[in-house]
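A.B. asks: Just dropping this structure here.
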Amino acid sequence: MSDLFIIDHPLVQSKLALLRDKNTNNKEFRELVSEVSGLLAYEATRDMEVKTENIETPFAPAEAKTMDKEIGLVPILRAGIGMVDGIVNLIPNARVGHIGLYRDPNTLMPIEYYCKLPDVEGRDFIIVDPMLATGGSASAAITLLKERGIQHIKLMCLVAAPTGVEKINADHPDVKIFVAALDEKLNEHG
């Protein structure tokens with residue numbers, strides 16, 4: 001699991017504890033999903049390249065660092081949508097696309113029903129989904145992006161299971177995974 005990054009920052013872990021608490025109400029839950037997503041995005045973008053630009057400050061010209069590439073943010077419908085606002089608050093210029101997948105009840109394979117992406121040229125992409133369980137949907141979403149020529153992809157989830165991490169590492173060893181927690185295992189229903 002070399003491409004798995006568990007963000008154990010105290011703010012992330014404290015908010016995750018509240019998020020997972022059965023006593024957290026719906027409003028608080030949505031707010032916490034947004035907040036944790038923003039904190040995860042902070043870590044997921046840590047290695048992004050920057051460029052130097054000349055800017056005018058109120059006092060004098062100065063050199064400043066800005067992100068070299070734009071971000072494409074792709075939630076897996078519907079659950080991933082809850083993570084978008086927290087990330088867009090941090091990266092306001094991120095362009096948002098959507099991938100819709102459902103699981104075939106007979107084969108249990110993910111089936112694409114919707115894919116709308118922003119312009120892919122010169123963008124790094126982050127796929128977001130709250131839970132990485134079996135990894136089937138996330139792997140299919142990554143494959144969809146790669147089929148459209150996207151090469152720089154990260155996966156960001158609030159919680160992951162080892163089964164899902166193993167699936168992503170096997171299918172897409174080039175994709176880094178950022179999570180707030182790695183659970184012990186899946187239950188009997190995956």
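Labeling convention for the structure tokens: chains A, B, ... as they appear, residues from 1 per chain, ligands from 1 in order of appearance.
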Within range 2-178 of chain A, find each residue whose DSSP state, derived from the backbone, is strand (DSSP E), and express the selection as a PyMOL selection string.
C.D. replies: chain A and resi 4-6+50-56+61-67+70-77+95-96+98-103+110-116+123-128+131-132+153-160+176-178
A.B. asks: When distances are computed from only C-alpha atoms, which of A:Leu32, A:Val120, A:Val12, A:Ile55 shows the smallest separation from Arg148 in chain A?
C.D. replies: A:Val120
A.B. asks: Compare A:Ile142, A:Ala62, A:Ala181, A:Pro173 by their minimum atom-to-atom distance to Ala160 in chain A, counting only C-alpha atoms, and give me the closest one.
C.D. replies: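 With only C-alpha atoms as the atom set, the closest residue is A:Ala181.
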A.B. asks: Please report, as JSON lines, each residue of range 139-179 of chain A lying at most 12 Å from range 71-77 of chain A, together with the nearest pair of atoms and the separation in Å rounded to one decimal; use only C-alpha atoms, and order rows by chain and ascending residue number.
C.D. replies:
```
{"residue": "A:Ser139", "atom": "CA", "partner": "A:Ile76", "partner_atom": "CA", "distance": 11.0}
{"residue": "A:Ala140", "atom": "CA", "partner": "A:Ile76", "partner_atom": "CA", "distance": 10.2}
{"residue": "A:Ala141", "atom": "CA", "partner": "A:Ile76", "partner_atom": "CA", "distance": 7.5}
{"residue": "A:Ile142", "atom": "CA", "partner": "A:Val74", "partner_atom": "CA", "distance": 10.0}
{"residue": "A:Leu144", "atom": "CA", "partner": "A:Val74", "partner_atom": "CA", "distance": 11.1}
{"residue": "A:Leu145", "atom": "CA", "partner": "A:Val74", "partner_atom": "CA", "distance": 9.5}
{"residue": "A:Ile150", "atom": "CA", "partner": "A:Gly72", "partner_atom": "CA", "distance": 10.1}
{"residue": "A:Gln151", "atom": "CA", "partner": "A:Gly72", "partner_atom": "CA", "distance": 11.9}
{"residue": "A:His152", "atom": "CA", "partner": "A:Ile71", "partner_atom": "CA", "distance": 10.0}
{"residue": "A:Ile153", "atom": "CA", "partner": "A:Gly72", "partner_atom": "CA", "distance": 9.2}
{"residue": "A:Lys154", "atom": "CA", "partner": "A:Leu73", "partner_atom": "CA", "distance": 9.8}
{"residue": "A:Leu155", "atom": "CA", "partner": "A:Val74", "partner_atom": "CA", "distance": 9.5}
{"residue": "A:Met156", "atom": "CA", "partner": "A:Pro75", "partner_atom": "CA", "distance": 9.5}
{"residue": "A:Cys157", "atom": "CA", "partner": "A:Pro75", "partner_atom": "CA", "distance": 10.2}
```
A.B. asks: Output the selection as an mmCIF file, in the first residue's frame - all heavy atoms for each residue.
C.D. replies:
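This is the output file again35.cif:
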```cif
data_model
loop_
_atom_site.group_PDB
_atom_site.id
_atom_site.type_symbol
_atom_site.label_atom_id
_atom_site.label_comp_id
_atom_site.auth_asym_id
_atom_site.auth_seq_id
_atom_site.Cartn_x
_atom_site.Cartn_y
_atom_site.Cartn_z
ATOM 1 N N SER A 139 -12.042 2.345 -9.302
ATOM 2 C CA SER A 139 -11.198 1.852 -10.385
ATOM 3 C C SER A 139 -11.821 2.151 -11.738
ATOM 4 O O SER A 139 -11.134 2.573 -12.668
ATOM 5 C CB SER A 139 -10.952 0.347 -10.232
ATOM 6 O OG SER A 139 -10.105 -0.113 -11.263
ATOM 7 N N ALA A 140 -13.143 1.957 -11.844
ATOM 8 C CA ALA A 140 -13.838 2.254 -13.109
ATOM 9 C C ALA A 140 -13.760 3.741 -13.428
ATOM 10 O O ALA A 140 -13.563 4.129 -14.586
ATOM 11 C CB ALA A 140 -15.290 1.795 -13.023
ATOM 12 N N ALA A 141 -13.900 4.597 -12.410
ATOM 13 C CA ALA A 141 -13.810 6.047 -12.635
ATOM 14 C C ALA A 141 -12.412 6.431 -13.108
ATOM 15 O O ALA A 141 -12.264 7.247 -14.030
ATOM 16 C CB ALA A 141 -14.171 6.791 -11.353
ATOM 17 N N ILE A 142 -11.401 5.858 -12.514
ATOM 18 C CA ILE A 142 -10.025 6.135 -12.939
ATOM 19 C C ILE A 142 -9.819 5.688 -14.383
ATOM 20 O O ILE A 142 -9.234 6.405 -15.200
ATOM 21 C CB ILE A 142 -9.012 5.456 -11.990
ATOM 22 C CG1 ILE A 142 -9.100 6.075 -10.595
ATOM 23 C CG2 ILE A 142 -7.596 5.548 -12.550
ATOM 24 C CD1 ILE A 142 -8.402 5.274 -9.505
ATOM 25 N N LEU A 144 -12.082 5.474 -16.714
ATOM 26 C CA LEU A 144 -12.788 6.429 -17.579
ATOM 27 C C LEU A 144 -11.940 7.670 -17.840
ATOM 28 O O LEU A 144 -11.876 8.156 -18.974
ATOM 29 C CB LEU A 144 -14.116 6.845 -16.954
ATOM 30 C CG LEU A 144 -15.232 5.819 -16.970
ATOM 31 C CD1 LEU A 144 -16.407 6.279 -16.107
ATOM 32 C CD2 LEU A 144 -15.696 5.569 -18.390
ATOM 33 N N LEU A 145 -11.281 8.184 -16.812
ATOM 34 C CA LEU A 145 -10.435 9.356 -17.001
ATOM 35 C C LEU A 145 -9.234 9.024 -17.885
ATOM 36 O O LEU A 145 -8.882 9.791 -18.786
ATOM 37 C CB LEU A 145 -9.972 9.906 -15.652
ATOM 38 C CG LEU A 145 -10.818 11.030 -15.065
ATOM 39 C CD1 LEU A 145 -12.235 10.616 -14.801
ATOM 40 C CD2 LEU A 145 -10.171 11.592 -13.823
ATOM 41 N N ILE A 150 -6.362 11.438 -19.641
ATOM 42 C CA ILE A 150 -5.894 12.070 -18.408
ATOM 43 C C ILE A 150 -4.842 11.169 -17.764
ATOM 44 O O ILE A 150 -5.080 9.986 -17.555
ATOM 45 C CB ILE A 150 -7.073 12.331 -17.455
ATOM 46 C CG1 ILE A 150 -8.078 13.261 -18.142
ATOM 47 C CG2 ILE A 150 -6.586 12.907 -16.133
ATOM 48 C CD1 ILE A 150 -9.407 13.359 -17.449
ATOM 49 N N GLN A 151 -3.702 11.754 -17.456
ATOM 50 C CA GLN A 151 -2.600 10.965 -16.922
ATOM 51 C C GLN A 151 -2.318 11.212 -15.449
ATOM 52 O O GLN A 151 -1.827 10.340 -14.753
ATOM 53 C CB GLN A 151 -1.333 11.251 -17.709
ATOM 54 C CG GLN A 151 -1.448 10.851 -19.165
ATOM 55 C CD GLN A 151 -0.218 11.228 -19.956
ATOM 56 O OE1 GLN A 151 0.749 11.757 -19.412
ATOM 57 N NE2 GLN A 151 -0.239 10.971 -21.238
ATOM 58 N N HIS A 152 -2.596 12.415 -14.968
ATOM 59 C CA HIS A 152 -2.278 12.764 -13.582
ATOM 60 C C HIS A 152 -3.562 12.731 -12.755
ATOM 61 O O HIS A 152 -4.344 13.671 -12.768
ATOM 62 C CB HIS A 152 -1.605 14.133 -13.510
ATOM 63 C CG HIS A 152 -0.345 14.196 -14.314
ATOM 64 N ND1 HIS A 152 0.816 13.607 -13.900
ATOM 65 C CD2 HIS A 152 -0.083 14.734 -15.522
ATOM 66 C CE1 HIS A 152 1.750 13.791 -14.815
ATOM 67 N NE2 HIS A 152 1.219 14.477 -15.808
ATOM 68 N N ILE A 153 -3.745 11.616 -12.041
ATOM 69 C CA ILE A 153 -4.984 11.370 -11.297
ATOM 70 C C ILE A 153 -4.645 10.990 -9.857
ATOM 71 O O ILE A 153 -3.744 10.186 -9.614
ATOM 72 C CB ILE A 153 -5.796 10.218 -11.933
ATOM 73 C CG1 ILE A 153 -6.107 10.525 -13.397
ATOM 74 C CG2 ILE A 153 -7.068 9.946 -11.139
ATOM 75 C CD1 ILE A 153 -6.642 9.327 -14.181
ATOM 76 N N LYS A 154 -5.400 11.572 -8.927
ATOM 77 C CA LYS A 154 -5.333 11.181 -7.519
ATOM 78 C C LYS A 154 -6.741 10.794 -7.096
ATOM 79 O O LYS A 154 -7.723 11.288 -7.655
ATOM 80 C CB LYS A 154 -4.828 12.329 -6.651
ATOM 81 C CG LYS A 154 -3.381 12.688 -6.949
ATOM 82 C CD LYS A 154 -2.911 13.851 -6.119
ATOM 83 C CE LYS A 154 -1.471 14.186 -6.499
ATOM 84 N NZ LYS A 154 -0.973 15.353 -5.774
ATOM 85 N N LEU A 155 -6.838 9.934 -6.111
ATOM 86 C CA LEU A 155 -8.111 9.504 -5.551
ATOM 87 C C LEU A 155 -8.159 9.966 -4.110
ATOM 88 O O LEU A 155 -7.210 9.746 -3.352
ATOM 89 C CB LEU A 155 -8.248 7.980 -5.630
ATOM 90 C CG LEU A 155 -9.483 7.360 -4.990
ATOM 91 C CD1 LEU A 155 -10.772 7.850 -5.667
ATOM 92 C CD2 LEU A 155 -9.389 5.835 -5.051
ATOM 93 N N MET A 156 -9.272 10.617 -3.735
ATOM 94 C CA MET A 156 -9.417 11.123 -2.384
ATOM 95 C C MET A 156 -10.723 10.603 -1.791
ATOM 96 O O MET A 156 -11.786 10.780 -2.383
ATOM 97 C CB MET A 156 -9.423 12.652 -2.415
ATOM 98 C CG MET A 156 -9.098 13.283 -1.108
ATOM 99 S SD MET A 156 -8.884 15.067 -1.300
ATOM 100 C CE MET A 156 -10.587 15.556 -1.278
ATOM 101 N N CYS A 157 -10.619 9.928 -0.647
ATOM 102 C CA CYS A 157 -11.773 9.348 0.037
ATOM 103 C C CYS A 157 -11.679 9.677 1.527
ATOM 104 O O CYS A 157 -10.578 9.834 2.055
ATOM 105 C CB CYS A 157 -11.802 7.832 -0.133
ATOM 106 S SG CYS A 157 -11.768 7.300 -1.852
#
```
A.B. asks: Measure the distance from CA of Val175 in chain A to CA of Ala44 in chain A in Å and round it to one decimal.
C.D. replies: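 Distance between the two atoms: 11.5 Å.
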A.B. asks: So, counting only C-alpha atoms, which residue among A:Pro92, A:Pro118, A:Pro110, A:Gly135 is closest to Val165 in chain A?
C.D. replies: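 Of the candidates, the smallest distance to Val165 in chain A is held by A:Gly135.
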A.B. asks: CA of Val179 in chain A and CA of Lys69 in chain A are how many Å apart?
C.D. replies: 22.6 Å
A.B. asks: Counting only C-alpha atoms, which residue out of A:Lys22, A:Arg123, A:His172, A:Lys116 sits closest to Ala138 in chain A?
C.D. replies: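 Ranked by minimum distance to Ala138 in chain A, first place goes to A:His172.
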A.B. asks: Just the helix (DSSP H, G or I) stuff from range 47-188 of chain A, please, per backbone DSSP, written as number ranges by chain.
C.D. replies: A: 81-90, 136-147, 162-171
A.B. asks: When you draw a straight line from CA of Ser14 in chain A to CA of Val36 in chain A, how long is it in Å?
C.D. replies: 9.6 Å
A.B. asks: Could you name the residues that touch range 102-106 of chain A at 9 Å or less, counting only C-alpha atoms, but leaving out those on the same chain fewer than 3 positions away, as a count of residues only?
C.D. replies: 8
A.B. asks: Using only C-alpha atoms, which residues sit within 8 Å of Ala64 in chain A once same-chain residues fewer than 4 positions away are excluded, as a list in words?
C.D. replies: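 The residues that qualify are Thr52, Glu53, Asn54 and Ile55 of chain A.
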